[in-house]
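Q: One file is attached below, target33.txt, containing compact mmCIF, C-alpha atoms.
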# COMPACT_ATOMS: atom_id res chain seq x y z
CA MET A 1 -16.46 -22.54 -27.60
CA THR A 2 -15.57 -25.35 -25.23
CA THR A 3 -16.15 -25.56 -21.49
CA ALA A 4 -13.99 -27.58 -19.13
CA THR A 5 -13.30 -28.04 -15.43
CA ILE A 6 -10.10 -28.68 -13.53
CA HIS A 7 -9.78 -29.66 -9.89
CA HIS A 8 -7.13 -27.58 -8.18
CA ASP A 9 -6.29 -27.08 -4.51
CA GLY A 10 -9.66 -28.35 -3.34
CA ALA A 11 -11.89 -26.54 -5.83
CA ASP A 12 -13.42 -27.25 -9.23
CA LEU A 13 -12.58 -24.36 -11.57
CA VAL A 14 -14.81 -23.98 -14.64
CA TYR A 15 -13.49 -22.19 -17.71
CA ASP A 16 -14.57 -21.43 -21.29
CA VAL A 17 -12.20 -21.33 -24.25
CA GLU A 18 -12.74 -20.00 -27.75
CA GLY A 19 -10.65 -18.89 -30.69
CA SER A 20 -7.13 -19.65 -31.83
CA GLY A 21 -3.77 -18.02 -31.52
CA PRO A 22 -1.72 -17.02 -28.47
CA LEU A 23 -3.41 -17.83 -25.16
CA LEU A 24 -5.12 -14.90 -23.46
CA LEU A 25 -6.29 -15.46 -19.88
CA MET A 26 -8.94 -13.03 -18.67
CA ILE A 27 -9.42 -12.61 -14.91
CA ALA A 28 -12.73 -11.22 -13.70
CA GLY A 29 -13.19 -8.67 -10.97
CA ARG A 30 -16.28 -8.19 -8.83
CA GLY A 31 -18.46 -11.25 -8.86
CA GLY A 32 -15.62 -13.35 -10.25
CA THR A 33 -17.50 -14.77 -13.23
CA GLY A 34 -15.87 -15.11 -16.64
CA GLY A 35 -19.20 -14.42 -18.32
CA ARG A 36 -18.49 -10.71 -17.88
CA TYR A 37 -15.92 -11.12 -20.67
CA THR A 38 -18.22 -12.88 -23.13
CA GLY A 39 -18.58 -9.81 -25.36
CA ILE A 40 -14.86 -9.11 -25.43
CA SER A 41 -14.03 -12.75 -26.09
CA ALA A 42 -16.27 -12.71 -29.16
CA GLN A 43 -14.30 -9.74 -30.50
CA LEU A 44 -10.85 -11.19 -29.78
CA GLN A 45 -11.29 -14.88 -30.56
CA GLN A 46 -10.17 -14.42 -34.17
CA HIS A 47 -6.75 -13.34 -32.94
CA PHE A 48 -6.30 -15.05 -29.57
CA ARG A 49 -7.22 -18.27 -27.85
CA VAL A 50 -9.30 -16.63 -25.15
CA VAL A 51 -9.93 -18.34 -21.82
CA ARG A 52 -12.30 -16.83 -19.28
CA TYR A 53 -13.11 -18.58 -16.04
CA ASP A 54 -15.19 -18.40 -12.90
CA ARG A 55 -12.87 -17.71 -10.03
CA ARG A 56 -12.76 -19.97 -6.98
CA ALA A 57 -16.08 -19.88 -5.05
CA CYS A 58 -17.67 -17.76 -7.80
CA GLY A 59 -20.23 -18.65 -10.46
CA ARG A 60 -19.94 -22.26 -11.63
CA SER A 61 -16.69 -22.90 -9.76
CA THR A 62 -16.63 -24.40 -6.30
CA GLY A 63 -14.70 -23.41 -3.21
CA ASP A 64 -15.18 -22.42 0.39
CA ARG A 65 -17.37 -19.31 0.33
CA SER A 66 -16.85 -18.80 4.05
CA ARG A 67 -13.17 -17.91 3.58
CA PRO A 68 -11.83 -14.45 2.65
CA LEU A 69 -10.22 -13.94 -0.73
CA ASP A 70 -6.70 -15.36 -0.84
CA ILE A 71 -4.94 -13.48 -3.63
CA THR A 72 -2.02 -15.91 -3.72
CA GLN A 73 -4.41 -18.84 -4.08
CA GLN A 74 -6.22 -16.98 -6.85
CA ALA A 75 -2.90 -16.53 -8.65
CA ARG A 76 -2.15 -20.25 -8.32
CA ASP A 77 -5.58 -21.04 -9.76
CA ALA A 78 -4.89 -18.88 -12.79
CA VAL A 79 -1.52 -20.57 -13.39
CA ALA A 80 -3.21 -23.98 -13.05
CA ILE A 81 -5.67 -23.10 -15.82
CA ILE A 82 -2.84 -22.00 -18.12
CA THR A 83 -1.08 -25.31 -17.47
CA ALA A 84 -4.30 -27.30 -17.99
CA LEU A 85 -4.55 -25.80 -21.46
CA GLY A 86 -1.14 -27.21 -22.32
CA GLU A 87 0.63 -23.87 -22.26
CA THR A 88 3.62 -22.60 -20.32
CA THR A 89 2.94 -18.90 -20.92
CA ALA A 90 -0.04 -16.67 -21.65
CA TYR A 91 -1.10 -13.10 -22.09
CA VAL A 92 -3.02 -12.02 -19.01
CA PHE A 93 -5.70 -9.35 -18.68
CA GLY A 94 -7.37 -8.45 -15.41
CA ASN A 95 -9.88 -5.79 -14.46
CA SER A 96 -10.43 -4.41 -10.94
CA ALA A 97 -10.00 -7.31 -8.46
CA GLY A 98 -8.89 -9.41 -11.42
CA ALA A 99 -6.12 -6.90 -12.08
CA SER A 100 -4.96 -7.23 -8.47
CA ILE A 101 -4.81 -11.01 -8.92
CA ALA A 102 -2.83 -10.46 -12.12
CA LEU A 103 -0.31 -8.37 -10.19
CA ARG A 104 0.12 -11.27 -7.78
CA ILE A 105 0.90 -13.51 -10.75
CA ALA A 106 3.51 -10.96 -11.86
CA GLU A 107 5.02 -11.09 -8.35
CA TYR A 108 5.16 -14.84 -7.81
CA TYR A 109 4.80 -16.49 -11.24
CA PRO A 110 6.40 -14.13 -13.78
CA GLU A 111 7.60 -17.07 -15.87
CA VAL A 112 4.05 -17.75 -17.09
CA VAL A 113 3.43 -14.17 -18.22
CA ARG A 114 4.03 -13.51 -21.89
CA GLY A 115 2.50 -10.08 -21.47
CA MET A 116 0.08 -8.50 -19.00
CA ILE A 117 -2.47 -5.69 -18.98
CA VAL A 118 -3.88 -4.58 -15.64
CA HIS A 119 -6.94 -2.34 -15.85
CA GLU A 120 -7.70 -0.19 -12.80
CA PRO A 121 -6.55 -2.67 -10.14
CA MET A 122 -8.22 -2.30 -6.76
CA SER A 123 -4.81 -2.17 -5.08
CA PHE A 124 -5.14 1.26 -3.56
CA SER A 125 -2.65 0.46 -0.82
CA ILE A 126 -0.05 1.75 -3.31
CA LEU A 127 -1.65 5.22 -3.48
CA PRO A 128 -0.28 8.26 -1.64
CA ASP A 129 -3.71 8.76 -0.02
CA ARG A 130 -4.07 5.05 0.84
CA GLU A 131 -5.19 5.76 4.42
CA HIS A 132 -8.29 7.59 3.22
CA TRP A 133 -9.33 4.73 0.94
CA VAL A 134 -8.57 2.04 3.51
CA ASN A 135 -10.85 3.87 5.94
CA PHE A 136 -13.50 4.23 3.25
CA THR A 137 -13.41 0.51 2.53
CA ARG A 138 -13.74 -0.23 6.23
CA ARG A 139 -16.90 1.91 6.21
CA VAL A 140 -18.24 -0.14 3.29
CA ASP A 141 -17.45 -3.31 5.21
CA ARG A 142 -19.18 -2.08 8.39
CA THR A 143 -22.19 -0.96 6.38
CA PHE A 144 -22.49 -4.37 4.76
CA ARG A 145 -22.31 -6.18 8.09
CA THR A 146 -24.77 -3.91 9.87
CA GLU A 147 -27.16 -2.82 7.11
CA GLY A 148 -26.76 -5.31 4.27
CA ALA A 149 -25.56 -5.43 0.67
CA GLY A 150 -27.83 -2.70 -0.74
CA PRO A 151 -26.60 0.17 1.47
CA ALA A 152 -23.01 -1.06 1.22
CA LEU A 153 -23.14 -1.13 -2.58
CA ALA A 154 -24.66 2.36 -2.59
CA LEU A 155 -21.79 3.62 -0.46
CA LEU A 156 -19.23 1.90 -2.65
CA GLY A 157 -20.95 3.30 -5.73
CA SER A 158 -20.56 6.83 -4.37
CA SER A 159 -16.81 6.51 -4.96
CA MET A 160 -17.15 5.38 -8.58
CA VAL A 161 -16.53 7.90 -11.36
CA GLY A 162 -18.00 8.06 -14.87
CA MET A 163 -20.44 5.22 -14.37
CA GLY A 164 -23.23 5.34 -16.92
CA GLN A 165 -25.02 2.57 -15.00
CA PRO A 166 -24.53 2.26 -11.24
CA GLY A 167 -22.38 -0.81 -10.72
CA GLY A 168 -23.25 -2.40 -14.07
CA PRO A 169 -25.05 -5.69 -14.61
CA PRO A 170 -24.66 -8.09 -11.67
CA ALA A 171 -22.67 -11.27 -12.14
CA ARG A 172 -25.08 -13.58 -10.33
CA GLY A 173 -27.27 -11.13 -8.49
CA GLN A 174 -27.27 -10.34 -4.81
CA GLU A 175 -25.55 -13.57 -3.78
CA ASP A 176 -22.28 -12.78 -5.53
CA MET A 177 -22.43 -9.14 -4.47
CA GLY A 178 -22.74 -10.34 -0.90
CA PHE A 179 -19.73 -12.61 -1.43
CA PHE A 180 -17.72 -9.75 -2.87
CA LEU A 181 -18.58 -7.46 0.03
CA GLY A 182 -18.24 -10.10 2.69
CA GLN A 183 -15.18 -12.03 1.56
CA GLU A 184 -13.25 -10.09 -1.06
CA ILE A 185 -13.27 -6.34 -0.60
CA MET A 186 -11.18 -6.15 2.58
CA SER A 187 -8.59 -8.59 1.25
CA LEU A 188 -8.23 -6.35 -1.79
CA CYS A 189 -8.00 -3.33 0.49
CA TYR A 190 -5.03 -4.73 2.39
CA TYR A 191 -3.19 -6.30 -0.54
CA GLN A 192 -0.07 -4.31 -1.38
CA PRO A 193 1.67 -5.60 -4.50
CA ASP A 194 5.44 -5.63 -4.35
CA LEU A 195 6.12 -3.36 -7.30
CA GLU A 196 9.88 -3.53 -6.79
CA ARG A 197 9.72 -7.30 -7.11
CA ILE A 198 7.55 -7.08 -10.24
CA SER A 199 10.07 -4.64 -11.70
CA ARG A 200 12.95 -7.02 -10.96
CA ASN A 201 10.94 -9.84 -12.56
CA GLY A 202 10.90 -7.88 -15.82
CA VAL A 203 7.24 -8.58 -16.57
CA ASN A 204 6.09 -7.24 -19.95
CA MET A 205 3.22 -5.06 -18.72
CA ILE A 206 0.86 -2.24 -19.58
CA ALA A 207 -1.21 -0.48 -16.92
CA SER A 208 -4.50 0.99 -18.09
CA LYS A 209 -7.33 3.17 -16.89
CA GLY A 210 -10.70 4.26 -18.25
CA GLU A 211 -11.14 7.54 -20.06
CA LEU A 212 -14.26 8.29 -18.01
CA SER A 213 -12.69 7.24 -14.71
CA GLN A 214 -10.70 10.50 -14.59
CA ASP A 215 -8.94 10.76 -11.21
CA ALA A 216 -10.84 7.99 -9.43
CA TYR A 217 -8.67 6.24 -6.86
CA TYR A 218 -8.86 2.90 -8.67
CA ALA A 219 -7.74 4.59 -11.91
CA ARG A 220 -4.81 6.31 -10.23
CA THR A 221 -3.38 2.91 -9.32
CA ALA A 222 -2.47 2.56 -13.00
CA ASP A 223 -0.43 5.75 -12.83
CA VAL A 224 1.48 4.57 -9.75
CA ILE A 225 2.20 1.22 -11.41
CA GLY A 226 3.43 2.97 -14.54
CA GLN A 227 5.70 5.25 -12.56
CA SER A 228 7.06 2.44 -10.41
CA LEU A 229 7.66 -0.07 -13.20
CA GLY A 230 8.47 2.33 -16.00
CA CYS A 231 5.78 0.69 -18.10
CA PRO A 232 3.24 2.42 -20.34
CA VAL A 233 -0.05 3.68 -18.92
CA ARG A 234 -2.80 3.47 -21.50
CA THR A 235 -6.13 5.26 -21.54
CA MET A 236 -8.95 2.90 -22.53
CA PRO A 237 -12.46 3.90 -23.62
CA GLY A 238 -15.24 4.02 -21.05
CA ASN A 239 -15.29 3.54 -17.31
CA HIS A 240 -14.36 0.88 -14.76
CA ILE A 241 -16.68 -1.71 -16.32
CA ALA A 242 -16.45 -0.68 -19.97
CA HIS A 243 -15.68 -4.31 -20.85
CA VAL A 244 -19.29 -5.07 -19.85
CA LEU A 245 -21.02 -1.92 -21.10
CA ASP A 246 -19.12 -1.48 -24.40
CA PRO A 247 -17.34 -4.75 -25.17
CA ALA A 248 -16.68 -3.93 -28.83
CA GLY A 249 -15.09 -0.56 -28.10
CA PHE A 250 -13.09 -1.88 -25.18
CA ALA A 251 -11.94 -4.94 -27.12
CA SER A 252 -10.59 -2.76 -29.92
CA ALA A 253 -8.38 -0.80 -27.52
CA LEU A 254 -7.41 -3.96 -25.65
CA ARG A 255 -6.36 -5.70 -28.85
CA ALA A 256 -4.17 -2.72 -29.77
CA SER A 257 -2.35 -2.99 -26.44
CA LEU A 258 -2.04 -6.76 -26.76
CA ILE A 259 -0.48 -6.33 -30.19
CA ASP A 260 2.01 -3.90 -28.68
CA LEU A 261 2.89 -6.48 -26.04
CA THR A 262 3.17 -9.17 -28.71
CA THR A 263 5.57 -7.18 -30.86
CA ASN A 264 7.34 -5.48 -27.94
CA ALA A 265 6.57 -2.24 -29.75
CA ILE A 266 5.17 -0.46 -26.70
CA GLN A 267 4.87 3.28 -27.11
CA PRO A 268 3.78 5.94 -24.60
CA ASP A 269 0.07 6.72 -24.39
CA THR A 270 -0.95 9.25 -27.04
CA GLY A 271 -4.51 9.60 -25.83
CA ASN A 272 -5.93 7.46 -28.65
CA THR A 273 -8.42 5.13 -26.96
CA GLY A 274 -9.64 3.36 -30.05
CA GLY A 275 -6.47 1.54 -31.02
CA THR A 276 -7.40 1.63 -34.72
CA ASP A 277 -3.93 2.78 -35.77
CA VAL A 278 -2.37 -0.53 -34.72
CA GLN A 279 -2.20 -3.23 -37.34
CA GLY A 280 -2.04 -6.95 -36.72
Please rewrite the model in this file as structure tokens.

A:
Amino acid sequence: MTTATIHHDGADLVYDVEGSGPLLLMIAGRGGTGGRYTGISAQLQQHFRVVRYDRRACGRSTGDRSRPLDITQQARDAVAIITALGETTAYVFGNSAGASIALRIAEYYPEVVRGMIVHEPMSFSILPDREHWVNFTRRVDRTFRTEGAGPALALLGSSMVGMGQPGGPPARGQEDMGFFLGQEIMSLCYYQPDLERISRNGVNMIASKGELSQDAYYARTADVIGQSLGCPVRTMPGNHIAHVLDPAGFASALRASLIDLTTNAIQPDTGNTGGTDVQG
């Protein structure tokens, strides 16, 4: 594994690279640290050149932590890392907030996307019941600003489905959770990806959701994306943070979908979450 830093748009972005093969960029969600993909990277590095990075103002990367999340800036950062690695295209995987950032890449920078998998993007503005979830997120925001991170995370956790561990391991503890609640969650709430534009861009995409997430609002975003784009919707093992809790199992299913993107042999979801029937 190698670690490097690029300076882009006023921030130092730190990333780790391991493996060989087609480039696979992994975009982190809550907490923004690429270390959440360490387990998956170890499973995939025999087949892909995996790059995971700390997003702007998160983890080892610098940036103005007083500014709200700028999804377009985050997309530019991701493209800059692809370019820094000497590539013009990459496979892109994003989970949660990282999946929302991936959708922005599909909107504005489709030319860099060789294939994309978005897992449970927090883009619930596309849902039929968006008003309910916008109001819920506003409650989380008010709770954070009046009562602090603990009560706000508890409230947010009450909306999560199939979580074996409440919230999963923290990225950098309370500091990054405070950053997520204070600077990211409302930007994600209001971001509405232009699915018509993504469809016109012809991005090679799979939308995915966790088997244990059931009908959680953040899982239903995958269904809306699939319906809007006419792309497959895959069921992955585990819950919203299965990539942290069960990296080996999640990596197996992820690799199967990546192989489908690679060969353009995408088939409808059959309910098989293990991906062991795919060779490559």

Q: Select, from A:Ala219, A:Ile185, A:Leu23, A:Leu261, the residue with the minimum atom-to-atom distance to Ile71 (chain A), counting all atoms listed in the file.

A: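 The answer is A:Ile185, which sits nearest to Ile71 (chain A).
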
Q: Could you produce a table of the residues of region 185-237 of chain A lying within 12 Å of region 83-91 of chain A, with the nearest pair of atoms per residue and their separation in Å rounded to one decimal, using only C-alpha atoms, ordered by chain and increasing residue number, as a tab-separated table?

A:
residue	atom	partner	partner_atom	distance
A:Val203	CA	A:Tyr91	CA	11.0
A:Asn204	CA	A:Tyr91	CA	9.5
A:Met205	CA	A:Tyr91	CA	9.7
A:Ile206	CA	A:Tyr91	CA	11.3

Q: Within 10 Å of Tyr53 (chain A), counting only C-alpha atoms, which residues qualify if same-chain residues fewer than 3 places away don't, as a ChimeraX atom specification?

A: /A:3-5,13-17,25-28,32-37,56,58-61,78,81

Q: For a test of reading the model, state the distance in Å between CA of Gln192 (chain A) and CA of Phe124 (chain A), rounded to one decimal.

A: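 We find that CA of Gln192 (chain A) and CA of Phe124 (chain A) lie 7.8 Å from each other.
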
Q: Find the spatial neighbours of Tyr191 (chain A), counting all atoms listed in the file, within a cut-off of 9 Å - ignore same-chain residues fewer than 5 positions away - and output them as a list in words.

A: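 Result of the neighbour search: Ile71, Ser100, Met122, Ser123, Phe124, Ser125 and Met186 of chain A.
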
Q: Record the distance separating CA of Asp194 (chain A) and CA of Glu107 (chain A), expressed in Å with one decimal.

A: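 Atom-to-atom, CA of Asp194 (chain A) to CA of Glu107 (chain A), that is 6.8 Å.
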
Q: Tell me, in Å to one decimal, how far CA of Met236 (chain A) is from CA of Ala152 (chain A).

A: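 Separation between CA of Met236 (chain A) and CA of Ala152 (chain A): 27.9 Å.
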
Q: Show which residues sit within 10 Å of Val224 (chain A), as a list in words. Count only C-alpha atoms, and ignore same-chain residues fewer than 2 positions away.

A: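 In the requested format, the answer is Phe124, Ile126, Leu127, Pro128, Leu195, Ala207, Ala219, Arg220, Thr221, Ala222, Gly226, Gln227, Ser228, Leu229, Gly230 and Val233 of chain A.
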
Q: With distances taken over all atoms listed in the file, which of A:Arg52, A:Ile40, A:Ala102, A:Ile117 is nearest to Thr262 (chain A)?

A: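 Of A:Arg52, A:Ile40, A:Ala102, A:Ile117, the one nearest Thr262 (chain A), counting all atoms listed in the file, is A:Ile117.
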
Q: A:Pro110, A:Val92, A:Ala80, A:His8: which is nearest Leu24 (chain A), counting all atoms listed in the file?

A: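 Smallest distance to Leu24 (chain A) is found for A:Val92.
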
Q: Please identify all polymer residues within 12 Å of Ala57 (chain A), counting all atoms listed in the file, omitting same-chain residues fewer than 4 positions from it, and present them as number ranges by chain.

A: A: 10-14, 31-33, 53, 61-70, 73-74, 77, 175-176, 179-180, 183-184

Q: Return the single residue from A:Leu181, A:Val50, A:Val161, A:Val112 that is closest to Arg139 (chain A), with distances computed using all atoms listed in the file.

A: A:Leu181

Q: Between A:Val118, A:Ala242, A:Val140, A:Leu258, which has the minimum distance to Phe93 (chain A) (counting only C-alpha atoms)?

A: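 When distances to Phe93 (chain A) are compared using only C-alpha atoms, the smallest one comes from A:Val118.
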
Q: Between A:Thr235, A:Ser187, A:Thr263, A:Asn95, which residue has the minimum interatomic distance to Leu212 (chain A), considering all atoms listed in the file?

A: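 The shortest atom-to-atom distance to Leu212 (chain A) comes from A:Thr235.
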